[in-house]
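Have a look at target39.tsv below; it lists TSV, C-alpha atoms.
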chain	number	residue	atom	x	y	z
A	937	MET	CA	0.00	0.00	0.00
A	938	ASP	CA	1.43	3.40	-0.93
A	939	LYS	CA	1.25	6.54	1.22
A	940	GLN	CA	-1.60	8.11	-0.75
A	941	THR	CA	-3.80	5.03	-0.47
A	942	TYR	CA	-2.96	4.67	3.21
A	943	LEU	CA	-3.80	8.30	3.91
A	944	LYS	CA	-7.05	8.11	1.94
A	945	ARG	CA	-8.23	5.03	3.85
A	946	PHE	CA	-7.07	6.41	7.18
A	947	SER	CA	-8.80	9.72	6.48
A	948	ARG	CA	-12.11	7.99	5.70
A	949	ALA	CA	-11.93	5.78	8.80
A	950	ALA	CA	-10.92	8.72	11.02
A	951	ARG	CA	-13.80	10.89	9.79
A	952	TRP	CA	-16.28	8.11	10.38
A	953	ARG	CA	-15.04	7.46	13.91
A	954	LEU	CA	-13.90	10.88	15.11
A	955	GLY	CA	-15.98	13.46	13.28
A	956	HIS	CA	-14.72	16.22	11.02
A	957	ARG	CA	-12.82	18.51	13.42
A	958	GLU	CA	-10.90	15.86	15.32
A	959	ALA	CA	-10.28	13.88	12.12
A	960	ALA	CA	-8.87	16.97	10.38
A	961	GLU	CA	-6.24	17.30	13.13
A	962	VAL	CA	-5.13	13.68	13.14
A	963	VAL	CA	-5.13	13.45	9.34
A	964	ALA	CA	-2.88	16.54	9.25
A	965	ASP	CA	-0.56	14.80	11.74
A	966	TYR	CA	-0.51	11.59	9.70
A	967	THR	CA	0.11	13.56	6.50
A	968	GLU	CA	3.16	15.14	8.14
A	969	LEU	CA	4.36	11.78	9.48
A	970	LEU	CA	4.00	10.03	6.14
A	971	GLU	CA	5.70	12.86	4.26
A	972	GLN	CA	8.80	12.33	6.36
A	973	ARG	CA	9.01	8.58	5.93
A	974	PRO	CA	11.71	7.58	3.44
A	975	PRO	CA	10.19	6.10	0.23
A	976	GLU	CA	12.14	2.86	0.71
A	977	GLN	CA	10.00	2.17	3.81
A	978	ASP	CA	6.76	2.22	1.79
A	979	ASN	CA	6.59	-1.58	1.69
A	980	THR	CA	6.55	-1.74	5.51
A	981	LEU	CA	3.94	1.01	5.92
A	982	VAL	CA	1.15	-1.24	7.20
A	983	GLU	CA	3.59	-3.26	9.29
A	984	ASP	CA	4.95	-0.13	11.03
A	985	LEU	CA	1.74	1.89	11.33
A	986	GLY	CA	-0.93	-0.80	11.42
A	987	LYS	CA	-3.93	-0.98	9.09
A	988	PRO	CA	-5.59	2.42	8.47
A	989	GLN	CA	-8.85	1.31	10.09
A	990	ALA	CA	-7.00	-0.04	13.14
A	991	ALA	CA	-5.01	3.20	13.43
A	992	ALA	CA	-8.25	5.20	13.45
A	993	ARG	CA	-9.77	2.80	15.98
A	994	LEU	CA	-6.88	3.46	18.39
A	995	LEU	CA	-7.76	7.16	18.35
A	996	THR	CA	-11.47	6.64	18.93
A	997	GLU	CA	-13.12	7.99	22.05
A	998	GLU	CA	-15.62	5.24	22.68
A	999	LYS	CA	-18.24	7.44	24.33
A	1000	SER	CA	-18.54	9.97	21.52
A	1001	TYR	CA	-18.28	7.26	18.85
A	1002	ARG	CA	-21.09	5.29	20.50
A	1003	ARG	CA	-23.19	8.48	20.58
A	1004	TRP	CA	-22.59	8.93	16.85
A	1005	LEU	CA	-23.47	5.29	16.10
A	1006	TRP	CA	-26.73	5.55	18.07
A	1007	SER	CA	-27.64	8.73	16.21
A	1008	PHE	CA	-26.68	7.19	12.86
A	1009	TRP	CA	-28.86	4.13	13.37
A	1010	ALA	CA	-31.71	6.28	14.70
A	1011	MET	CA	-31.54	8.40	11.54
A	1012	ILE	CA	-31.48	5.27	9.37
A	1013	VAL	CA	-34.53	3.85	11.18
A	1014	CYS	CA	-36.37	7.18	10.75
A	1015	LEU	CA	-35.59	7.06	7.04
A	1016	LEU	CA	-36.55	3.42	6.59
A	1017	LEU	CA	-39.77	3.59	8.61
A	1018	PRO	CA	-41.98	5.17	5.89
A	1019	GLU	CA	-40.49	2.78	3.33
A	1020	LEU	CA	-41.20	-0.24	5.56
A	1021	ILE	CA	-44.79	0.91	6.16
A	1022	LEU	CA	-45.21	1.52	2.44
A	1023	THR	CA	-43.93	-1.87	1.33
A	1024	GLY	CA	-45.04	-3.93	4.32
A	1025	PRO	CA	-48.37	-5.13	5.68
A	1026	TYR	CA	-48.79	-2.11	7.99
A	1027	LEU	CA	-50.07	0.37	5.40
A	1028	SER	CA	-53.28	1.99	6.60
A	1029	ALA	CA	-55.64	4.70	5.40
A	1030	GLN	CA	-54.85	6.89	8.42
A	1031	PRO	CA	-51.58	8.76	8.99
A	1032	ARG	CA	-49.95	7.74	12.29
A	1033	PRO	CA	-48.11	9.98	14.78
A	1034	ILE	CA	-45.04	7.72	14.65
A	1035	GLU	CA	-44.52	8.72	11.00
A	1036	TYR	CA	-44.33	12.41	11.95
A	1037	GLY	CA	-42.25	11.61	15.03
A	1038	ALA	CA	-39.69	9.76	12.91
A	1039	PHE	CA	-39.59	12.63	10.41
A	1040	PHE	CA	-38.98	15.31	13.05
A	1041	LEU	CA	-36.43	13.17	14.89
A	1042	GLY	CA	-34.54	12.46	11.65
A	1043	VAL	CA	-34.45	16.12	10.59
A	1044	THR	CA	-33.42	17.25	14.11
A	1045	LEU	CA	-30.60	14.71	14.34
A	1046	ALA	CA	-29.35	15.58	10.84
A	1047	LEU	CA	-29.31	19.29	11.72
A	1048	PHE	CA	-27.61	18.56	15.04
A	1049	TRP	CA	-24.76	16.56	13.51
A	1050	PHE	CA	-24.38	18.39	10.21
A	1051	HIS	CA	-25.42	21.98	10.88
A	1052	PRO	CA	-23.53	24.78	9.11
A	1053	GLY	CA	-20.41	26.08	10.77
A	1054	GLY	CA	-16.66	25.82	10.58
A	1055	GLU	CA	-14.56	26.32	7.51
A	1056	LYS	CA	-16.36	27.21	4.26
A	1057	THR	CA	-15.44	24.95	1.37
A	1058	LYS	CA	-16.76	24.49	-2.14
A	1059	ARG	CA	-19.94	22.42	-2.40
A	1060	PRO	CA	-19.27	18.94	-3.80
A	1061	ARG	CA	-20.24	18.96	-7.48
A	1062	ALA	CA	-21.54	15.38	-7.34
A	1063	LEU	CA	-23.94	16.36	-4.55
A	1064	LEU	CA	-25.43	19.15	-6.64
A	1065	TRP	CA	-25.93	16.78	-9.58
A	1066	ILE	CA	-27.64	14.19	-7.40
A	1067	LEU	CA	-29.91	16.88	-5.90
A	1068	VAL	CA	-30.82	18.01	-9.43
A	1069	ALA	CA	-31.56	14.38	-10.41
A	1070	MET	CA	-33.77	13.98	-7.33
A	1071	ALA	CA	-35.60	17.21	-8.13
A	1072	VAL	CA	-36.26	15.95	-11.67
A	1073	MET	CA	-37.54	12.65	-10.27
A	1074	LEU	CA	-39.87	14.44	-7.85
A	1075	VAL	CA	-41.22	16.73	-10.57
A	1076	ALA	CA	-41.81	13.67	-12.79
A	1077	ALA	CA	-43.68	11.90	-9.96
A	1078	ALA	CA	-45.77	15.06	-9.36
A	1079	VAL	CA	-46.62	15.28	-13.09
A	1080	VAL	CA	-47.72	11.63	-13.14
A	1081	LEU	CA	-49.95	12.20	-10.10
A	1082	ALA	CA	-51.36	15.44	-11.54
A	1083	CYS	CA	-52.19	13.68	-14.81
A	1084	LEU	CA	-53.96	10.92	-12.91
A	1085	PHE	CA	-56.01	13.32	-10.76
A	1086	THR	CA	-56.98	15.60	-13.62
A	1087	GLY	CA	-57.81	12.69	-15.92
A	1088	ALA	CA	-55.36	13.88	-18.56
A	1089	TRP	CA	-54.61	10.31	-19.66
A	1090	GLU	CA	-57.92	9.44	-21.22
A	1091	ASN	CA	-56.70	6.10	-22.62
A	1092	LEU	CA	-55.60	4.78	-19.24
A	1093	PRO	CA	-58.23	2.39	-17.84
A	1094	LEU	CA	-59.69	3.56	-14.53
A	1095	GLU	CA	-58.53	0.43	-12.68
A	1096	ARG	CA	-54.92	1.28	-13.56
A	1097	TYR	CA	-55.04	4.65	-11.78
A	1098	GLY	CA	-54.43	3.28	-8.29
A	1099	PRO	CA	-51.51	0.95	-9.11
A	1100	THR	CA	-49.88	3.66	-11.26
A	1101	ALA	CA	-50.01	6.18	-8.40
A	1102	PHE	CA	-48.82	3.57	-5.89
A	1103	TYR	CA	-45.84	2.40	-7.95
A	1104	THR	CA	-44.84	5.95	-8.90
A	1105	LEU	CA	-44.76	7.03	-5.26
A	1106	SER	CA	-43.13	3.78	-4.10
A	1107	LEU	CA	-40.36	4.18	-6.67
A	1108	ALA	CA	-39.80	7.82	-5.67
A	1109	SER	CA	-39.68	6.80	-2.00
A	1110	THR	CA	-37.24	3.93	-2.56
A	1111	VAL	CA	-34.86	6.06	-4.63
A	1112	ALA	CA	-35.04	8.85	-2.03
A	1113	VAL	CA	-34.33	6.43	0.83
A	1114	ALA	CA	-31.32	4.95	-0.99
A	1115	ALA	CA	-30.01	8.46	-1.72
A	1116	GLY	CA	-30.63	9.43	1.91
A	1117	ILE	CA	-28.56	6.54	3.31
A	1118	PHE	CA	-25.77	7.29	0.82
A	1119	GLY	CA	-25.89	10.98	1.73
A	1120	MET	CA	-25.73	10.26	5.46
A	1121	ILE	CA	-22.60	8.11	5.09
A	1122	ARG	CA	-20.93	10.67	2.81
A	1123	ALA	CA	-21.83	13.49	5.20
A	1124	ARG	CA	-19.83	11.80	7.94
A	1125	THR	CA	-16.89	10.61	5.83
A	1126	ASP	CA	-16.64	13.49	3.35
A	1127	ASP	CA	-18.51	16.82	3.34
A	1128	ARG	CA	-21.26	17.47	5.94
A	1129	ARG	CA	-23.51	18.99	3.22
A	1130	TRP	CA	-24.18	15.51	1.83
A	1131	ALA	CA	-26.69	15.31	4.70
A	1132	ALA	CA	-28.98	17.45	2.48
A	1133	LEU	CA	-29.70	14.22	0.57
A	1134	TYR	CA	-30.78	12.61	3.82
A	1135	VAL	CA	-33.23	15.41	4.74
A	1136	LEU	CA	-34.64	15.48	1.22
A	1137	GLY	CA	-34.90	11.68	1.17
A	1138	LEU	CA	-36.69	11.66	4.52
A	1139	THR	CA	-39.15	14.31	3.32
A	1140	THR	CA	-39.82	12.47	0.06
A	1141	ALA	CA	-40.35	9.15	1.85
A	1142	LEU	CA	-42.85	10.66	4.32
A	1143	LEU	CA	-44.74	12.63	1.65
A	1144	SER	CA	-44.97	9.55	-0.58
A	1145	LEU	CA	-46.39	7.57	2.33
A	1146	GLN	CA	-48.80	10.37	3.23
A	1147	ILE	CA	-50.12	10.68	-0.32
A	1148	ILE	CA	-50.59	6.91	-0.67
A	1149	THR	CA	-52.34	6.86	2.71
A	1150	ALA	CA	-54.68	9.64	1.57
A	1151	LEU	CA	-55.38	7.87	-1.74
A	1152	MET	CA	-56.46	4.80	0.21
A	1153	SER	CA	-59.03	6.84	2.14
A	1154	LEU	CA	-62.71	7.02	1.23
A	1155	TYR	CA	-62.66	10.57	-0.09
A	1156	ALA	CA	-59.73	9.99	-2.50
A	1157	ALA	CA	-61.99	10.20	-5.54
A	1158	ASP	CA	-62.64	13.90	-4.91
A	1159	PHE	CA	-59.32	15.59	-5.67
A	1160	GLN	CA	-60.35	19.05	-4.42
A	1161	TYR	CA	-61.65	17.67	-1.14
A	1162	LEU	CA	-58.49	15.57	-0.75
A	1163	LEU	CA	-56.31	18.64	-1.17
A	1164	GLN	CA	-58.41	20.59	1.34
A	1165	GLN	CA	-58.08	17.80	3.88
A	1166	GLU	CA	-54.41	16.95	3.42
A	1167	GLY	CA	-52.85	19.84	1.50
A	1168	LEU	CA	-51.81	21.89	4.53
A	1169	ARG	CA	-50.20	18.89	6.23
A	1170	TRP	CA	-48.24	18.00	3.07
A	1171	ALA	CA	-47.19	21.62	2.65
A	1172	VAL	CA	-45.90	21.79	6.24
A	1173	VAL	CA	-43.90	18.54	5.89
A	1174	GLY	CA	-42.58	19.61	2.47
A	1175	GLY	CA	-41.72	23.09	3.75
A	1176	ILE	CA	-39.84	21.77	6.79
A	1177	GLY	CA	-38.00	19.30	4.57
A	1178	LEU	CA	-36.99	21.93	2.03
A	1179	VAL	CA	-35.90	24.41	4.71
A	1180	GLY	CA	-33.90	21.64	6.45
A	1181	THR	CA	-32.28	20.67	3.15
A	1182	GLY	CA	-31.40	24.30	2.48
A	1183	VAL	CA	-29.95	24.82	5.97
A	1184	VAL	CA	-27.73	21.73	5.69
A	1185	LEU	CA	-26.60	22.88	2.22
A	1186	CYS	CA	-25.41	26.29	3.55
B	456	MET	CA	-2.12	24.42	23.07
B	457	GLY	CA	-3.27	21.54	25.22
B	458	ARG	CA	-6.94	21.27	25.94
B	459	GLY	CA	-6.89	20.15	29.55
B	460	GLY	CA	-9.07	17.28	30.59
B	461	ARG	CA	-8.40	14.13	32.53
B	462	HIS	CA	-5.81	11.67	31.43
B	463	ARG	CA	-6.41	8.11	32.49
B	464	SER	CA	-4.17	5.12	32.52
B	465	GLY	CA	-3.44	2.08	34.65
B	466	GLY	CA	-1.14	4.19	36.81
B	467	ASP	CA	-3.83	6.84	37.40
B	468	ARG	CA	-6.20	4.28	38.79
B	469	GLY	CA	-3.55	2.82	41.04
B	470	GLY	CA	-3.45	-0.38	38.96
B	471	PRO	CA	-0.36	-2.14	37.65
B	472	MET	CA	1.97	-0.23	35.38
B	473	LEU	CA	1.26	-1.25	31.82
B	474	LYS	CA	3.28	-1.11	28.64
B	475	LYS	CA	1.27	1.93	27.57
B	476	ASP	CA	2.31	3.70	30.77
B	477	LEU	CA	5.94	2.86	30.02
B	478	ILE	CA	5.60	4.29	26.52
B	479	GLU	CA	3.93	7.41	27.92
B	480	LEU	CA	6.82	7.74	30.33
B	481	CYS	CA	9.26	7.49	27.42
B	482	LEU	CA	7.29	10.06	25.38
B	483	LEU	CA	7.30	12.53	28.26
B	484	GLN	CA	10.96	11.77	28.99
B	485	LEU	CA	11.89	12.65	25.39
B	486	LEU	CA	10.00	15.92	25.69
B	487	THR	CA	11.61	16.85	28.99
B	488	VAL	CA	14.95	16.83	27.16
B	489	GLU	CA	13.81	19.02	24.26
B	490	ASP	CA	10.77	19.87	22.12
B	491	GLN	CA	10.36	17.37	19.29
B	492	TYR	CA	8.15	16.89	16.25
B	493	GLY	CA	5.98	13.85	15.66
B	494	TYR	CA	8.11	11.84	13.25
B	495	VAL	CA	11.23	12.04	15.42
B	496	ILE	CA	9.30	11.08	18.57
B	497	LEU	CA	7.62	8.13	16.90
B	498	SER	CA	10.84	6.90	15.28
B	499	GLN	CA	12.72	6.96	18.57
B	500	ILE	CA	9.97	5.15	20.47
B	501	HIS	CA	9.56	2.63	17.64
B	502	ARG	CA	13.29	1.85	17.88
B	503	SER	CA	13.00	1.22	21.63
B	504	PHE	CA	9.73	-0.74	21.32
B	505	PRO	CA	9.99	-2.42	17.89
B	506	GLY	CA	6.97	-4.63	18.58
B	507	THR	CA	4.70	-1.61	19.03
B	508	GLN	CA	3.17	-0.05	15.95
B	509	GLU	CA	3.73	3.66	15.39
B	510	SER	CA	-0.03	4.26	15.22
B	511	ALA	CA	-0.33	3.01	18.81
B	512	VAL	CA	2.46	5.34	19.89
B	513	TYR	CA	0.81	8.22	18.03
B	514	ALA	CA	-2.49	7.46	19.81
B	515	LEU	CA	-0.69	7.76	23.17
B	516	LEU	CA	1.00	10.98	22.08
B	517	ARG	CA	-2.37	12.35	21.00
B	518	GLY	CA	-3.89	11.23	24.31
B	519	LEU	CA	-1.20	13.13	26.21
B	520	TYR	CA	-1.91	16.22	24.12
B	521	LYS	CA	-5.65	16.00	24.71
B	522	ALA	CA	-5.06	15.52	28.43
B	523	GLY	CA	-3.06	18.74	28.51
B	524	CYS	CA	0.27	17.01	29.23
B	525	THR	CA	1.76	18.42	26.02
B	526	GLU	CA	1.03	21.35	23.75
B	527	GLN	CA	1.74	21.90	20.06
B	528	TYR	CA	3.27	24.71	18.09
B	529	GLU	CA	4.50	25.22	14.55
B	530	GLY	CA	8.26	25.33	14.32
B	531	ARG	CA	10.99	25.13	11.71
B	532	THR	CA	13.44	22.24	11.56
B	533	SER	CA	17.13	22.87	10.96
B	534	ASP	CA	16.74	21.78	7.31
B	535	GLY	CA	13.83	24.11	6.58
B	536	PRO	CA	10.28	22.75	6.55
B	537	THR	CA	7.69	23.72	9.17
B	538	ARG	CA	6.73	20.94	11.56
B	539	LYS	CA	4.24	20.53	14.37
B	540	TYR	CA	6.34	20.42	17.54
B	541	TYR	CA	5.30	19.02	20.90
B	542	ARG	CA	6.27	20.72	24.17
B	543	ILE	CA	5.72	19.31	27.65
B	544	THR	CA	3.47	21.31	29.98
B	545	ALA	CA	3.39	21.60	33.78
B	546	ALA	CA	0.70	18.91	33.85
B	547	GLY	CA	2.95	16.77	31.67
B	548	ARG	CA	5.86	17.23	34.06
B	549	ALA	CA	3.65	16.17	36.96
B	550	ARG	CA	2.52	13.11	35.02
B	551	HIS	CA	6.11	12.34	34.10
B	552	GLY	CA	7.11	12.48	37.79
B	553	GLN	CA	4.24	10.20	38.74
B	554	LEU	CA	5.05	7.63	36.05
B	555	LEU	CA	8.74	7.77	36.90
B	556	GLU	CA	7.94	7.02	40.54
B	557	GLU	CA	5.77	4.06	39.50
B	558	TRP	CA	8.53	2.80	37.24
B	559	ARG	CA	11.09	2.97	40.05
B	560	CYS	CA	8.78	1.02	42.36
B	561	LEU	CA	8.28	-1.61	39.69
B	562	ARG	CA	12.00	-1.81	38.93
B	563	ASP	CA	12.86	-2.14	42.66
B	564	GLY	CA	10.23	-4.84	43.07
B	565	LEU	CA	11.61	-6.78	40.13
B	566	THR	CA	15.20	-6.34	41.36
B	567	ALA	CA	14.19	-7.66	44.79
B	568	LEU	CA	12.96	-10.79	43.04
B	569	GLY	CA	16.27	-11.15	41.29
B	570	ILE	CA	14.98	-10.04	37.89
B	571	GLU	CA	17.41	-7.67	36.28

Write-out of the structure in structure tokens:
Amino acid sequence: MDKQTYLKRFSRAARWRLGHREAAEVVADYTELLEQRPPEQDNTLVEDLGKPQAAARLLTEEKSYRRWLWSFWAMIVCLLLPELILTGPYLSAQPRPIEYGAFFLGVTLALFWFHPGGEKTKRPRALLWILVAMAVMLVAAAVVLACLFTGAWENLPLERYGPTAFYTLSLASTVAVAAGIFGMIRARTDDRRWAALYVLGLTTALLSLQIITALMSLYAADFQYLLQQEGLRWAVVGGIGLVGTGVVLC
Amino acid sequence: MGRGGRHRSGGDRGGPMLKKDLIELCLLQLLTVEDQYGYVILSQIHRSFPGTQESAVYALLRGLYKAGCTEQYEGRTSDGPTRKYYRITAAGRARHGQLLEEWRCLRDGLTALGIE
């Protein structure tokens, strides 16, 4: 293993275990140490220093790392909950408080761990592209739903309306959840602003579940009435999600 | 600068002196002689304890820094480049004295048993 590879792996492991500030200090120290090693000692790098992951483990403060792991798994559960309800046998026609609880807990934890502050760096280009792709996907899902509700697709048989809406929203939710998990891991190991994907994913997953829940209710056939009943709730969830995404992106 | 905080080891808790305490003693001993930068410290300790990986020694050095036993500053080496130097603090000197005392007790105990 050469110095660059070692440093890259060590840096990733250190960020995951120690957080950004502490990791930045130890990575700077390791960079200095590795710079001074003679090149002929490259083949004994792992032997002398230990594996990068093990080196990071030695520096870990168990208490703060455990706190991070608890938060991480809590955020993952919050993200997966709407998806599990959506794809499992627990889907009901009534929204449940636990869905909102998971949403607020997830957003709060994401803002707590990845709030703006510290050194300003350039936003990762890949993150912006993924956010654009997610926005396109959400707009496409909204267009499909709008076409269904307004009856724009005259050739589509009536019995296909429900499954089309369900699969459109399920697909949007699954993609958003996958992007959210990816964003959460990258936020810890790379740039904190990747957490924007998590907040957006969480919002998308909850809104998808909420819309499907509403469509299963008795008054789903009346689009105007449905919007009157649920519109404000969706707008609040969407608004909080977008504001949270924007805050994390700052 | 050091950040203060509590530094724990076997010696602190009144337990047996461990290898990590011995390495800490050596790290502090090196710094009582003169300020050093990371690579030199690690190389010297690695030579004295070849079975111990440098990452483990670095973790102990970092622990001493976080406990306020050492502080850091940017300094120039004789051949030019800027390095992060470590300097022992008053807390570090106290810790050094404590570890040295433990080491002497251990050494005397071993000598009394005929182990030299």

Residues near B:Glu571, cut-off 12 Å, all atoms listed in the file, skip fewer than 6 positions along chain, as number ranges by chain: B: 561-565

Would you list the residues near (7.5, 23.2, 17.7), meaning any protein, DNA or RNA residue with an atom at most 8 Å from that point in file coordinates, counting all atoms listed in the file, as a JSON list (two decimals) with C-alpha atoms, in the frame of the given file?
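Produced file selection23.json, reproduced below:
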[["chain", "number", "residue", "atom", "x", "y", "z"],
["B", 490, "ASP", "CA", 10.77, 19.87, 22.12],
["B", 491, "GLN", "CA", 10.36, 17.37, 19.29],
["B", 492, "TYR", "CA", 8.15, 16.89, 16.25],
["B", 527, "GLN", "CA", 1.74, 21.90, 20.06],
["B", 528, "TYR", "CA", 3.27, 24.71, 18.09],
["B", 529, "GLU", "CA", 4.50, 25.22, 14.55],
["B", 530, "GLY", "CA", 8.26, 25.33, 14.32],
["B", 531, "ARG", "CA", 10.99, 25.13, 11.71],
["B", 538, "ARG", "CA", 6.73, 20.94, 11.56],
["B", 539, "LYS", "CA", 4.24, 20.53, 14.37],
["B", 540, "TYR", "CA", 6.34, 20.42, 17.54],
["B", 541, "TYR", "CA", 5.30, 19.02, 20.90],
["B", 542, "ARG", "CA", 6.27, 20.72, 24.17]]

Contacts of stretch 1017-1028 of chain A within 10 Å, all atoms listed in the file, excl. fewer than 6 positions in-chain, as a ChimeraX atom specification: /A:1011,1034-1036,1038-1039,1102,1105-1106,1109-1110,1112-1113,1138-1146,1148-1150,1152-1153

Pick from A:Val1183, A:Ala950, A:Leu1136, A:Ala992, whichever lies nearest to chain B using all atoms listed in the file: A:Ala992

Distance in Å - atom CA of A:Ala1132 versus atom CA of A:Ala1010: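 So the answer is 16.8 Å.
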
Chain A contacts to chain B at 7 Å (only C-alpha atoms) as an MDAnalysis selection string: chainID A and resid 969 972 984:986 991 994:995

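If you look at atom CA of A:Phe1050 and atom CA of A:Arg1128, they are 5.4 Å away from each other.
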
Pick from A:Pro1033, A:Ile1147, A:Leu943, A:Ile1066 nearest to A:Ala964, counting only C-alpha atoms: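 Of the candidates, the smallest distance to A:Ala964 is held by A:Leu943.
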
Residue among A:Gly1137, A:Pro1099, A:Pro1093, A:Pro1052 lying closest to A:Ala1114, counting all atoms listed in the file: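 Of the candidates, the smallest distance to A:Ala1114 is held by A:Gly1137.
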
Exercise: A:Leu1067 partners within 12 Å, only C-alpha atoms, chain neighbours under 6 positions left out, as a list in words: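 The contact residues come out as Arg1059, Pro1060, Arg1061, Met1073, Leu1074, Val1111, Ala1112, Ala1115, Gly1116, Gly1119, Arg1129, Trp1130, Ala1131, Ala1132, Leu1133, Tyr1134, Val1135, Leu1136, Gly1137, Leu1178, Thr1181, Gly1182 and Leu1185 of chain A.
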
Atom CA of A:Ala1123 to atom CA of A:Leu970, distance in Å rounded to a single decimal: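 Straight-line distance from atom CA of A:Ala1123 to atom CA of A:Leu970 works out to 26.1 Å.
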
Surrounding residues of A:Arg993 excluding itself and chain neighbours under 4 positions, 12 Å, all atoms listed in the file, as an MDAnalysis selection string: (chainID A and resid 946:954 959 986:989 997:998 1001) or (chainID B and resid 510:511 514)

Which residue of A:Phe1085, A:Trp1065, A:Phe1040, A:Trp1009 approaches A:Met1120 most closely, using only C-alpha atoms: A:Trp1009

Surrounding residues of A:Glu971 excluding itself and chain neighbours under 4 positions, 10 Å, all atoms listed in the file, as number ranges by chain: A: 939, 965-967, 975; B: 494
